[in-house]
>>> print(open('structure-v1.cif').read())   # mmCIF, C-alpha atoms
data_start
loop_
_atom_site.group_PDB
_atom_site.id
_atom_site.type_symbol
_atom_site.label_atom_id
_atom_site.label_comp_id
_atom_site.auth_asym_id
_atom_site.auth_seq_id
_atom_site.Cartn_x
_atom_site.Cartn_y
_atom_site.Cartn_z
ATOM 1 C CA MET A 1 159.596 58.385 -52.622
ATOM 2 C CA SER A 2 158.328 60.464 -49.721
ATOM 3 C CA ASP A 3 155.098 59.277 -48.118
ATOM 4 C CA SER A 4 153.825 62.864 -48.453
ATOM 5 C CA THR A 5 153.389 62.228 -52.184
ATOM 6 C CA ARG A 6 151.506 58.956 -51.684
ATOM 7 C CA VAL A 7 148.016 57.805 -50.708
ATOM 8 C CA ASN A 8 147.415 54.796 -48.474
ATOM 9 C CA ILE A 9 144.908 52.353 -49.961
ATOM 10 C CA CYS A 10 144.597 49.246 -47.796
ATOM 11 C CA ASN A 11 148.252 49.582 -46.752
ATOM 12 C CA VAL A 12 149.457 50.055 -50.330
ATOM 13 C CA HIS A 13 151.063 53.477 -50.842
ATOM 14 C CA ILE A 14 150.255 54.941 -54.253
ATOM 15 C CA ASP A 15 151.688 58.058 -55.900
ATOM 16 C CA LYS A 16 149.403 61.050 -56.438
ATOM 17 C CA TYR A 17 151.016 62.157 -59.714
ATOM 18 C CA SER A 18 148.833 62.756 -62.753
ATOM 19 C CA PHE A 19 149.233 60.703 -65.931
ATOM 20 C CA ASP A 20 151.298 63.434 -67.614
ATOM 21 C CA GLU A 21 153.502 63.849 -64.530
ATOM 22 C CA VAL A 22 154.206 60.111 -64.475
ATOM 23 C CA VAL A 23 155.222 60.154 -68.142
ATOM 24 C CA GLU A 24 157.443 63.180 -67.525
ATOM 25 C CA ARG A 25 159.181 61.611 -64.522
ATOM 26 C CA ILE A 26 159.851 58.333 -66.331
ATOM 27 C CA ILE A 27 161.205 60.022 -69.455
ATOM 28 C CA HIS A 28 163.364 62.361 -67.365
ATOM 29 C CA HIS A 29 164.875 59.423 -65.490
ATOM 30 C CA ALA A 30 165.462 57.490 -68.718
ATOM 31 C CA LEU A 31 167.214 60.482 -70.285
ATOM 32 C CA SER A 32 169.382 61.049 -67.224
ATOM 33 C CA ARG A 33 170.521 57.394 -67.242
ATOM 34 C CA ASN A 34 170.844 57.469 -63.473
ATOM 35 C CA SER A 35 170.709 54.316 -61.356
ATOM 36 C CA PRO A 36 168.213 51.734 -62.681
ATOM 37 C CA GLN A 37 164.682 51.953 -61.291
ATOM 38 C CA TYR A 38 161.330 50.263 -61.858
ATOM 39 C CA VAL A 39 157.676 51.277 -61.911
ATOM 40 C CA VAL A 40 154.683 49.262 -60.662
ATOM 41 C CA THR A 41 151.079 49.773 -61.769
ATOM 42 C CA PRO A 42 148.681 48.525 -59.070
ATOM 43 C CA ASN A 43 145.075 47.565 -59.626
ATOM 44 C CA ALA A 44 142.554 45.942 -57.297
ATOM 45 C CA GLN A 45 144.079 42.489 -57.824
ATOM 46 C CA HIS A 46 147.538 43.775 -56.891
ATOM 47 C CA VAL A 47 146.152 45.212 -53.658
ATOM 48 C CA VAL A 48 144.638 41.829 -52.786
ATOM 49 C CA THR A 49 147.867 39.974 -53.581
ATOM 50 C CA LEU A 50 149.932 42.445 -51.571
ATOM 51 C CA GLN A 51 148.020 41.584 -48.400
ATOM 52 C CA ARG A 52 149.523 38.079 -48.318
ATOM 53 C CA ASP A 53 152.718 38.288 -50.394
ATOM 54 C CA SER A 54 155.677 39.684 -48.444
ATOM 55 C CA LEU A 55 158.038 39.703 -51.445
ATOM 56 C CA PHE A 56 155.493 41.622 -53.504
ATOM 57 C CA ARG A 57 155.199 44.180 -50.669
ATOM 58 C CA SER A 58 158.974 44.588 -50.558
ATOM 59 C CA ILE A 59 159.043 45.135 -54.316
ATOM 60 C CA TYR A 60 156.374 47.809 -53.994
ATOM 61 C CA ARG A 61 158.189 49.603 -51.186
ATOM 62 C CA LYS A 62 161.334 49.951 -53.313
ATOM 63 C CA ALA A 63 159.618 51.053 -56.542
ATOM 64 C CA PHE A 64 160.520 54.343 -58.190
ATOM 65 C CA LEU A 65 156.827 55.004 -58.904
ATOM 66 C CA VAL A 66 153.607 53.280 -57.790
ATOM 67 C CA VAL A 67 150.848 54.474 -60.124
ATOM 68 C CA PRO A 68 147.105 53.621 -60.031
ATOM 69 C CA ASP A 69 146.207 51.447 -63.003
ATOM 70 C CA GLY A 70 142.747 50.481 -61.768
ATOM 71 C CA VAL A 71 139.729 52.812 -61.465
ATOM 72 C CA PRO A 72 138.587 51.050 -58.229
ATOM 73 C CA LEU A 73 141.707 52.497 -56.589
ATOM 74 C CA LEU A 74 140.496 55.996 -57.477
ATOM 75 C CA TRP A 75 137.109 55.230 -55.951
ATOM 76 C CA ALA A 76 138.740 53.902 -52.776
ATOM 77 C CA ALA A 77 140.999 56.953 -52.497
ATOM 78 C CA ARG A 78 137.988 59.277 -52.689
ATOM 79 C CA LEU A 79 136.163 57.190 -50.090
ATOM 80 C CA PHE A 80 139.170 57.601 -47.784
ATOM 81 C CA ASN A 81 139.165 61.396 -48.392
ATOM 82 C CA THR A 82 142.634 61.206 -49.986
ATOM 83 C CA PRO A 83 141.887 61.530 -53.723
ATOM 84 C CA LEU A 84 144.408 60.599 -56.393
ATOM 85 C CA SER A 85 145.097 62.742 -59.474
ATOM 86 C CA GLY A 86 143.601 60.266 -61.935
ATOM 87 C CA ARG A 87 144.119 56.863 -63.455
ATOM 88 C CA VAL A 88 147.475 55.901 -64.942
ATOM 89 C CA ASN A 89 146.351 53.035 -67.132
ATOM 90 C CA GLY A 90 149.205 50.667 -67.994
ATOM 91 C CA THR A 91 148.305 50.293 -71.669
ATOM 92 C CA ASP A 92 147.893 54.043 -72.166
ATOM 93 C CA LEU A 93 151.149 54.608 -70.279
ATOM 94 C CA PHE A 94 152.941 52.108 -72.533
ATOM 95 C CA ASP A 95 151.659 53.875 -75.640
ATOM 96 C CA GLN A 96 152.444 57.385 -74.370
ATOM 97 C CA LEU A 97 155.941 56.421 -73.256
ATOM 98 C CA CYS A 98 156.608 54.990 -76.698
ATOM 99 C CA GLN A 99 155.496 58.260 -78.287
ATOM 100 C CA ALA A 100 157.709 60.257 -75.904
ATOM 101 C CA SER A 101 160.600 57.838 -76.522
ATOM 102 C CA ALA A 102 160.263 58.391 -80.259
ATOM 103 C CA ASP A 103 160.374 62.156 -79.718
ATOM 104 C CA LYS A 104 163.398 61.941 -77.382
ATOM 105 C CA ARG A 105 165.244 59.235 -79.360
ATOM 106 C CA LEU A 106 165.116 56.796 -76.456
ATOM 107 C CA LYS A 107 165.469 53.045 -77.053
ATOM 108 C CA VAL A 108 162.874 50.554 -75.823
ATOM 109 C CA PHE A 109 162.726 46.757 -75.430
ATOM 110 C CA LEU A 110 159.563 44.628 -75.238
ATOM 111 C CA LEU A 111 159.751 41.463 -73.141
ATOM 112 C CA GLY A 112 156.943 38.954 -72.607
ATOM 113 C CA GLY A 113 153.370 38.679 -73.786
ATOM 114 C CA ARG A 114 151.768 35.779 -75.599
ATOM 115 C CA PRO A 115 153.727 34.272 -78.524
ATOM 116 C CA GLY A 116 153.906 36.925 -81.230
ATOM 117 C CA ALA A 117 152.376 39.703 -79.103
ATOM 118 C CA ALA A 118 155.553 41.721 -78.569
ATOM 119 C CA GLN A 119 156.447 41.549 -82.257
ATOM 120 C CA LYS A 120 152.949 42.619 -83.304
ATOM 121 C CA ALA A 121 152.947 45.427 -80.743
ATOM 122 C CA ALA A 122 156.351 46.576 -82.041
ATOM 123 C CA TYR A 123 155.030 46.600 -85.616
ATOM 124 C CA THR A 124 151.946 48.585 -84.586
ATOM 125 C CA LEU A 125 153.955 51.115 -82.595
ATOM 126 C CA LYS A 126 156.566 51.580 -85.333
ATOM 127 C CA ASN A 127 153.786 52.363 -87.790
ATOM 128 C CA LYS A 128 152.313 54.835 -85.319
ATOM 129 C CA TYR A 129 155.602 56.465 -84.216
ATOM 130 C CA SER A 130 158.066 56.219 -87.076
ATOM 131 C CA ASN A 131 161.038 57.473 -85.022
ATOM 132 C CA LEU A 132 160.562 54.892 -82.259
ATOM 133 C CA LYS A 133 163.682 52.811 -81.654
ATOM 134 C CA ILE A 134 162.599 49.313 -80.612
ATOM 135 C CA VAL A 135 165.915 47.558 -80.035
ATOM 136 C CA GLY A 136 164.482 44.150 -79.203
ATOM 137 C CA THR A 137 161.460 41.970 -78.530
ATOM 138 C CA TYR A 138 161.387 38.567 -76.871
ATOM 139 C CA CYS A 139 158.721 36.138 -75.693
ATOM 140 C CA PRO A 140 160.242 33.728 -73.156
ATOM 141 C CA PRO A 141 158.872 30.171 -73.081
ATOM 142 C CA TYR A 142 156.566 28.910 -70.363
ATOM 143 C CA GLY A 143 158.484 28.158 -67.159
ATOM 144 C CA PHE A 144 161.465 30.309 -68.159
ATOM 145 C CA GLU A 145 161.810 31.645 -64.615
ATOM 146 C CA SER A 146 163.092 28.218 -63.502
ATOM 147 C CA ASP A 147 165.494 27.784 -66.432
ATOM 148 C CA LEU A 148 168.908 29.317 -65.670
ATOM 149 C CA SER A 149 170.095 29.174 -69.288
ATOM 150 C CA GLU A 150 166.926 30.906 -70.487
ATOM 151 C CA LEU A 151 167.270 33.598 -67.810
ATOM 152 C CA GLN A 152 170.854 34.215 -68.900
ATOM 153 C CA LYS A 153 169.752 34.390 -72.541
ATOM 154 C CA ILE A 154 167.124 37.016 -71.713
ATOM 155 C CA ASN A 155 169.536 39.115 -69.685
ATOM 156 C CA LEU A 156 172.217 38.975 -72.369
ATOM 157 C CA ALA A 157 169.740 40.049 -75.060
ATOM 158 C CA ILE A 158 168.624 43.059 -73.019
ATOM 159 C CA GLN A 159 172.128 44.039 -71.941
ATOM 160 C CA THR A 160 173.348 43.840 -75.547
ATOM 161 C CA ALA A 161 170.445 45.952 -76.811
ATOM 162 C CA SER A 162 170.998 48.505 -73.991
ATOM 163 C CA PRO A 163 167.499 50.020 -73.965
ATOM 164 C CA ASP A 164 166.542 53.133 -72.020
ATOM 165 C CA ILE A 165 163.119 51.712 -71.097
ATOM 166 C CA LEU A 166 162.190 48.048 -70.662
ATOM 167 C CA PHE A 167 158.523 47.047 -70.921
ATOM 168 C CA VAL A 168 157.725 43.688 -69.311
ATOM 169 C CA GLY A 169 154.430 41.936 -70.021
ATOM 170 C CA LEU A 170 154.489 38.749 -67.955
ATOM 171 C CA GLY A 171 151.428 39.296 -65.764
ATOM 172 C CA ALA A 172 151.435 40.097 -62.056
ATOM 173 C CA PRO A 173 153.157 39.278 -59.841
ATOM 174 C CA LYS A 174 155.546 37.333 -62.129
ATOM 175 C CA GLN A 175 156.635 40.443 -64.031
ATOM 176 C CA GLU A 176 157.328 42.344 -60.803
ATOM 177 C CA TYR A 177 159.305 39.401 -59.375
ATOM 178 C CA TRP A 178 161.420 39.184 -62.522
ATOM 179 C CA ILE A 179 162.047 42.928 -62.708
ATOM 180 C CA TYR A 180 163.016 43.081 -59.036
ATOM 181 C CA HIS A 181 165.516 40.238 -59.341
ATOM 182 C CA ASN A 182 167.106 41.545 -62.546
ATOM 183 C CA TYR A 183 166.755 45.326 -62.925
ATOM 184 C CA GLN A 184 170.054 46.226 -61.267
ATOM 185 C CA LYS A 185 172.204 43.788 -63.263
ATOM 186 C CA LEU A 186 170.452 44.823 -66.498
ATOM 187 C CA ASN A 187 171.253 48.493 -65.777
ATOM 188 C CA VAL A 188 168.232 49.729 -67.772
ATOM 189 C CA PRO A 189 167.218 53.191 -66.471
ATOM 190 C CA VAL A 190 163.497 52.335 -66.184
ATOM 191 C CA SER A 191 161.666 48.990 -66.211
ATOM 192 C CA LEU A 192 157.854 48.720 -66.135
ATOM 193 C CA GLY A 193 155.467 45.811 -65.711
ATOM 194 C CA ILE A 194 152.550 46.362 -68.107
ATOM 195 C CA GLY A 195 150.581 43.103 -68.035
ATOM 196 C CA VAL A 196 148.552 42.381 -71.165
ATOM 197 C CA SER A 197 149.395 45.668 -72.918
ATOM 198 C CA PHE A 198 151.293 44.075 -75.841
ATOM 199 C CA GLU A 199 148.172 42.098 -76.713
ATOM 200 C CA LEU A 200 145.925 45.147 -76.378
ATOM 201 C CA ILE A 201 148.167 47.435 -78.445
ATOM 202 C CA SER A 202 148.573 44.817 -81.175
ATOM 203 C CA GLY A 203 144.857 43.982 -81.277
ATOM 204 C CA MET A 204 145.361 40.348 -80.254
ATOM 205 C CA VAL A 205 143.018 41.072 -77.319
ATOM 206 C CA THR A 206 140.090 43.452 -77.771
ATOM 207 C CA ARG A 207 140.102 46.393 -75.407
ATOM 208 C CA ALA A 208 136.930 47.508 -73.651
ATOM 209 C CA PRO A 209 134.938 50.357 -75.245
ATOM 210 C CA LEU A 210 136.028 53.784 -74.041
ATOM 211 C CA VAL A 211 132.837 54.315 -72.059
ATOM 212 C CA MET A 212 133.490 51.126 -70.062
ATOM 213 C CA GLN A 213 137.078 52.227 -69.460
ATOM 214 C CA LYS A 214 135.912 55.576 -68.083
ATOM 215 C CA LEU A 215 133.304 53.909 -65.869
ATOM 216 C CA GLY A 216 135.910 51.561 -64.424
ATOM 217 C CA LEU A 217 134.311 48.511 -66.055
ATOM 218 C CA GLU A 218 137.223 47.366 -68.205
ATOM 219 C CA TRP A 219 137.542 44.363 -65.883
ATOM 220 C CA LEU A 220 133.932 43.391 -66.650
ATOM 221 C CA PHE A 221 134.553 43.538 -70.390
ATOM 222 C CA ARG A 222 137.611 41.297 -70.046
ATOM 223 C CA LEU A 223 135.619 38.907 -67.854
ATOM 224 C CA ILE A 224 132.915 38.658 -70.539
ATOM 225 C CA VAL A 225 135.548 38.053 -73.248
ATOM 226 C CA GLU A 226 137.604 35.498 -71.280
ATOM 227 C CA PRO A 227 135.345 34.153 -68.498
ATOM 228 C CA ARG A 228 137.046 30.793 -67.925
ATOM 229 C CA ARG A 229 140.487 32.335 -67.498
ATOM 230 C CA LEU A 230 139.542 35.442 -65.539
ATOM 231 C CA TRP A 231 136.473 34.656 -63.404
ATOM 232 C CA ARG A 232 138.477 33.841 -60.300
ATOM 233 C CA ARG A 233 140.629 36.963 -60.592
ATOM 234 C CA TYR A 234 137.732 39.352 -61.029
ATOM 235 C CA VAL A 235 134.774 37.791 -59.215
ATOM 236 C CA ILE A 236 136.657 36.582 -56.158
ATOM 237 C CA GLY A 237 139.468 39.156 -56.319
ATOM 238 C CA ASN A 238 137.198 42.183 -56.644
ATOM 239 C CA THR A 239 135.010 40.926 -53.799
ATOM 240 C CA ILE A 240 138.049 40.620 -51.534
ATOM 241 C CA PHE A 241 139.194 44.095 -52.596
ATOM 242 C CA LEU A 242 135.775 45.524 -51.684
ATOM 243 C CA LEU A 243 135.972 43.891 -48.243
ATOM 244 C CA LEU A 244 139.468 45.314 -47.744
ATOM 245 C CA VAL A 245 138.225 48.801 -48.623
ATOM 246 C CA ILE A 246 135.313 48.505 -46.201
ATOM 247 C CA ARG A 247 137.631 47.333 -43.419
ATOM 248 C CA HIS A 248 140.061 50.186 -44.133
ATOM 249 C CA LYS A 249 137.231 52.742 -44.042
ATOM 250 C CA LEU A 250 135.861 51.349 -40.762
ATOM 251 C CA ARG A 251 139.300 51.629 -39.189
ATOM 252 C CA GLN A 252 139.641 55.164 -40.516
ATOM 253 C CA PHE A 253 136.236 56.065 -39.081
ATOM 254 C CA ARG A 254 137.033 54.487 -35.718
ATOM 255 C CA TYR A 255 140.338 56.322 -35.344
ATOM 256 C CA SER A 256 138.713 59.643 -36.319
ATOM 257 C CA GLU A 257 135.939 59.411 -33.725
ATOM 258 C CA PRO A 258 136.232 62.144 -31.074
ATOM 259 C CA LYS A 259 137.178 60.855 -27.653
ATOM 260 C CA ILE A 260 134.713 61.579 -24.835
ATOM 261 C CA PHE A 261 136.330 62.322 -21.489
#
>>> encode(input="structure-v1.cif", output="structure tokens")
Amino acid sequence: MSDSTRVNICNVHIDKYSFDEVVERIIHHALSRNSPQYVVTPNAQHVVTLQRDSLFRSIYRKAFLVVPDGVPLLWAARLFNTPLSGRVNGTDLFDQLCQASADKRLKVFLLGGRPGAAQKAAYTLKNKYSNLKIVGTYCPPYGFESDLSELQKINLAIQTASPDILFVGLGAPKQEYWIYHNYQKLNVPVSLGIGVSFELISGMVTRAPLVMQKLGLEWLFRLIVEPRRLWRRYVIGNTIFLLLVIRHKLRQFRYSEPKIF
């Protein structure tokens, strides 16, 4: 992807496409069945992790699309005077791509999530989009990434099902690591990491009220619902992200100062 179509947020380059444009580009690539590609959906926590994780940065650089999942990224982009076209929320993207896949007769596979989440999400989506072709769901056991036989089992299941789009809900950065190491051998046109979206779509995890989503406070709602599991990610992570944004803005301001001769 050309840098001219991307915005730099704390050294993470994010595509400026709108939500509808992202859906269109993914569906077009899936229909064309060109070389396999993958999509990443950064939020504030991703940006923090990318500062110290060289493999994660490499994965991001090679992504087909890098789309802003978190509202704080939109705020940062405006602060840097390089606004994005809007949020591309991972859960909404998952749902919309399933609707478009049903319309275009594309096949999808759901990998990951908590036990039962992918199956429940598949049931919910099939009821919502009757023409949707879900050719497989699988929830790998804990520690699967270190089990060669389990990795082979997963790959064989996906290759046999031959989906057009693969949705992976393993949490970041695990899902991005797995996609990066497997997407070419799987030969699926498009793979996406979508975090906790299976649980949200199926209702296993309650999603924030719409007003909180629009205000960029979905993270706060999740923190209130699951404080013990998420406090470190959101309290510490969001603080670090804020400091990164401030540092980026100060550098931007310094480099834009007129020189006095």
>>> closest_atom_pairs(input="structure-v1.cif", of="segment 112-181 of chain A", to="segment 89-96 of chain A", cutoff="10 Å", atoms="all atoms listed in the file", output="Markdown table")
| residue | atom | partner | partner_atom | distance |
| --- | --- | --- | --- | --- |
| A:Ala121 | CA | A:Asp95 | CA | 10.0 |
| A:Leu125 | CA | A:Asp95 | CA | 7.8 |
| A:Lys128 | CA | A:Asp95 | CA | 9.7 |
| A:Tyr129 | CA | A:Asp95 | CA | 9.8 |
| A:Phe167 | CA | A:Phe94 | CA | 7.7 |
>>> resolve_selection(input="structure-v1.cif", expression="the PyMOL selection byres ((chain A and resi 69-71) around 6)", output="mmCIF file with C-alpha atoms, in the frame of the given file")
data_model
loop_
_atom_site.group_PDB
_atom_site.id
_atom_site.type_symbol
_atom_site.label_atom_id
_atom_site.label_comp_id
_atom_site.auth_asym_id
_atom_site.auth_seq_id
_atom_site.Cartn_x
_atom_site.Cartn_y
_atom_site.Cartn_z
ATOM 1 C CA THR A 41 151.079 49.773 -61.769
ATOM 2 C CA PRO A 42 148.681 48.525 -59.070
ATOM 3 C CA ASN A 43 145.075 47.565 -59.626
ATOM 4 C CA PRO A 68 147.105 53.621 -60.031
ATOM 5 C CA PRO A 72 138.587 51.050 -58.229
ATOM 6 C CA LEU A 73 141.707 52.497 -56.589
ATOM 7 C CA LEU A 74 140.496 55.996 -57.477
ATOM 8 C CA ARG A 87 144.119 56.863 -63.455
ATOM 9 C CA VAL A 88 147.475 55.901 -64.942
ATOM 10 C CA ASN A 89 146.351 53.035 -67.132
ATOM 11 C CA GLY A 90 149.205 50.667 -67.994
ATOM 12 C CA GLY A 216 135.910 51.561 -64.424
#
>>> residues_near_point(input="structure-v1.cif", point="(166.4, 37.5, -69.9)", cutoff="9 Å", atoms="all atoms listed in the file", output="PDB file with C-alpha atoms, keeping the file's coordinate frame")
ATOM      1  CA  LEU A 111     159.751  41.463 -73.141  1.00  0.00           C
ATOM      2  CA  TYR A 138     161.387  38.567 -76.871  1.00  0.00           C
ATOM      3  CA  PRO A 140     160.242  33.728 -73.156  1.00  0.00           C
ATOM      4  CA  PHE A 144     161.465  30.309 -68.159  1.00  0.00           C
ATOM      5  CA  GLU A 150     166.926  30.906 -70.487  1.00  0.00           C
ATOM      6  CA  LEU A 151     167.270  33.598 -67.810  1.00  0.00           C
ATOM      7  CA  GLN A 152     170.854  34.215 -68.900  1.00  0.00           C
ATOM      8  CA  LYS A 153     169.752  34.390 -72.541  1.00  0.00           C
ATOM      9  CA  ILE A 154     167.124  37.016 -71.713  1.00  0.00           C
ATOM     10  CA  ASN A 155     169.536  39.115 -69.685  1.00  0.00           C
ATOM     11  CA  LEU A 156     172.217  38.975 -72.369  1.00  0.00           C
ATOM     12  CA  ALA A 157     169.740  40.049 -75.060  1.00  0.00           C
ATOM     13  CA  ILE A 158     168.624  43.059 -73.019  1.00  0.00           C
ATOM     14  CA  GLN A 159     172.128  44.039 -71.941  1.00  0.00           C
ATOM     15  CA  ASN A 182     167.106  41.545 -62.546  1.00  0.00           C
TER      16      ASN A 182
END
>>> closest_residue(input="structure-v1.cif", among="A:Leu31, A:Glu199, A:Asp20, A:Lys133", to="Lys120 of chain A", atoms="all atoms listed in the file")
A:Glu199
>>> resolve_selection(input="structure-v1.cif", expression="the PyMOL selection byres ((chain A and resi 55) around 12)", output="list in words")
Thr49, Leu50, Gln51, Arg52, Asp53, Ser54, Phe56, Arg57, Ser58, Ile59, Tyr60, Arg61, Lys62, Pro173, Lys174, Glu176, Tyr177, Trp178, Tyr180 and His181 of chain A
>>> residues_around(input="structure-v1.cif", residues="Gln184 of chain A", least_positions_apart="3", cutoff="8 Å", atoms="only C-alpha atoms", output="PDB file with C-alpha atoms, keeping the file's coordinate frame")
ATOM      1  CA  PRO A  36     168.213  51.734 -62.681  1.00  0.00           C
ATOM      2  CA  GLN A  37     164.682  51.953 -61.291  1.00  0.00           C
ATOM      3  CA  HIS A 181     165.516  40.238 -59.341  1.00  0.00           C
ATOM      4  CA  ASN A 187     171.253  48.493 -65.777  1.00  0.00           C
ATOM      5  CA  VAL A 188     168.232  49.729 -67.772  1.00  0.00           C
TER       6      VAL A 188
END
>>> residues_around(input="structure-v1.cif", residues="Leu170 of chain A", least_positions_apart="6", cutoff="7 Å", atoms="all atoms listed in the file", output="ChimeraX atom specification")
/A:112-113,195
>>> residues_around(input="structure-v1.cif", residues="segment 221-234 of chain A", least_positions_apart="3", cutoff="8 Å", atoms="all atoms listed in the file", output="list in words")
Gln45, Arg207, Ala208, Met212, Leu217, Glu218, Gly237, Asn238 and Thr239 of chain A
>>> closest_residue(input="structure-v1.cif", among="A:Gly203, A:Ser162, A:Ser130, A:Arg78", to="Lys249 of chain A", atoms="only C-alpha atoms")
A:Arg78
>>> resolve_selection(input="structure-v1.cif", expression="the PyMOL selection byres ((chain A and resi 85) around 9)", output="PDB file with C-alpha atoms, in the frame of the given file")
ATOM      1  CA  ASP A  15     151.688  58.058 -55.900  1.00  0.00           C
ATOM      2  CA  LYS A  16     149.403  61.050 -56.438  1.00  0.00           C
ATOM      3  CA  TYR A  17     151.016  62.157 -59.714  1.00  0.00           C
ATOM      4  CA  SER A  18     148.833  62.756 -62.753  1.00  0.00           C
ATOM      5  CA  PHE A  19     149.233  60.703 -65.931  1.00  0.00           C
ATOM      6  CA  LEU A  74     140.496  55.996 -57.477  1.00  0.00           C
ATOM      7  CA  PRO A  83     141.887  61.530 -53.723  1.00  0.00           C
ATOM      8  CA  LEU A  84     144.408  60.599 -56.393  1.00  0.00           C
ATOM      9  CA  GLY A  86     143.601  60.266 -61.935  1.00  0.00           C
ATOM     10  CA  ARG A  87     144.119  56.863 -63.455  1.00  0.00           C
TER      11      ARG A  87
END
>>> atom_distance(input="structure-v1.cif", atom1="atom CA of Gly169 of chain A", atom2="atom CA of Gly193 of chain A")
5.9 Å
>>> atom_distance(input="structure-v1.cif", atom1="atom CA of Val47 of chain A", atom2="atom CA of Cys139 of chain A")
26.9 Å
>>> residues_around(input="structure-v1.cif", residues="Ile14 of chain A", least_positions_apart="3", cutoff="7 Å", atoms="all atoms listed in the file", output="JSON list (two decimals) with C-alpha atoms, in the coordinates of the input")
[["chain", "number", "residue", "atom", "x", "y", "z"],
["A", 6, "ARG", "CA", 151.51, 58.96, -51.68],
["A", 7, "VAL", "CA", 148.02, 57.80, -50.71],
["A", 8, "ASN", "CA", 147.42, 54.80, -48.47],
["A", 66, "VAL", "CA", 153.61, 53.28, -57.79],
["A", 67, "VAL", "CA", 150.85, 54.47, -60.12],
["A", 68, "PRO", "CA", 147.10, 53.62, -60.03]]
>>> atom_distance(input="structure-v1.cif", atom1="atom CA of Gln119 of chain A", atom2="atom CA of Ala102 of chain A")
17.4 Å
>>> residues_near_point(input="structure-v1.cif", point="(156.6, 63.9, -76.3)", cutoff="12 Å", atoms="all atoms listed in the file", output="NGL selection string")
:A and (20 or 23-24 or 26-28 or 95-106 or 129 or 131-132)
>>> closest_residue(input="structure-v1.cif", among="A:Leu148, A:Val40, A:Ala30, A:Ala122", to="Ile201 of chain A", atoms="all atoms listed in the file")
A:Ala122
>>> axis_aligned_box(input="structure-v1.cif", around="segment 204-207 of chain A", padding_each_side="6 Å", output="AutoDock Vina command-line options")
--center_x 142.7 --center_y 43.4 --center_z -77.8 --size_x 17.3 --size_y 18.0 --size_z 16.8
>>> closest_residue(input="structure-v1.cif", among="A:Ile240, A:Ser35, A:Val12, A:Leu215", to="Tyr183 of chain A", atoms="only C-alpha atoms")
A:Ser35
>>> decode(input="structure-v1.cif", residues="segment 123-135 of chain A", atoms="N, CA and C atoms", output="tab-separated table (two decimals), in the first residue's frame")
chain	number	residue	atom	x	y	z
A	123	TYR	N	-24.18	-19.38	14.35
A	123	TYR	CA	-25.63	-19.57	14.44
A	123	TYR	C	-26.36	-18.22	14.32
A	124	THR	N	-25.84	-17.22	15.02
A	124	THR	CA	-26.44	-15.89	14.99
A	124	THR	C	-26.39	-15.29	13.59
A	125	LEU	N	-25.24	-15.42	12.94
A	125	LEU	CA	-25.06	-14.84	11.61
A	125	LEU	C	-25.89	-15.57	10.56
A	126	LYS	N	-26.01	-16.89	10.69
A	126	LYS	CA	-26.82	-17.65	9.73
A	126	LYS	C	-28.29	-17.26	9.85
A	127	ASN	N	-28.74	-16.99	11.06
A	127	ASN	CA	-30.12	-16.53	11.25
A	127	ASN	C	-30.32	-15.15	10.67
A	128	LYS	N	-29.28	-14.33	10.71
A	128	LYS	CA	-29.36	-12.96	10.23
A	128	LYS	C	-29.21	-12.89	8.72
A	129	TYR	N	-28.30	-13.69	8.17
A	129	TYR	CA	-28.02	-13.70	6.72
A	129	TYR	C	-28.15	-15.14	6.23
A	130	SER	N	-29.33	-15.47	5.76
A	130	SER	CA	-29.66	-16.87	5.47
A	130	SER	C	-28.79	-17.47	4.37
A	131	ASN	N	-28.26	-16.64	3.47
A	131	ASN	CA	-27.43	-17.16	2.37
A	131	ASN	C	-25.95	-17.28	2.73
A	132	LEU	N	-25.59	-16.93	3.96
A	132	LEU	CA	-24.19	-16.96	4.35
A	132	LEU	C	-23.66	-18.39	4.40
A	133	LYS	N	-22.54	-18.60	3.74
A	133	LYS	CA	-21.90	-19.93	3.71
A	133	LYS	C	-20.76	-19.96	4.71
A	134	ILE	N	-21.03	-20.49	5.90
A	134	ILE	CA	-19.99	-20.67	6.91
A	134	ILE	C	-19.50	-22.11	6.78
A	135	VAL	N	-18.30	-22.27	6.25
A	135	VAL	CA	-17.79	-23.60	5.90
A	135	VAL	C	-16.99	-24.24	7.03
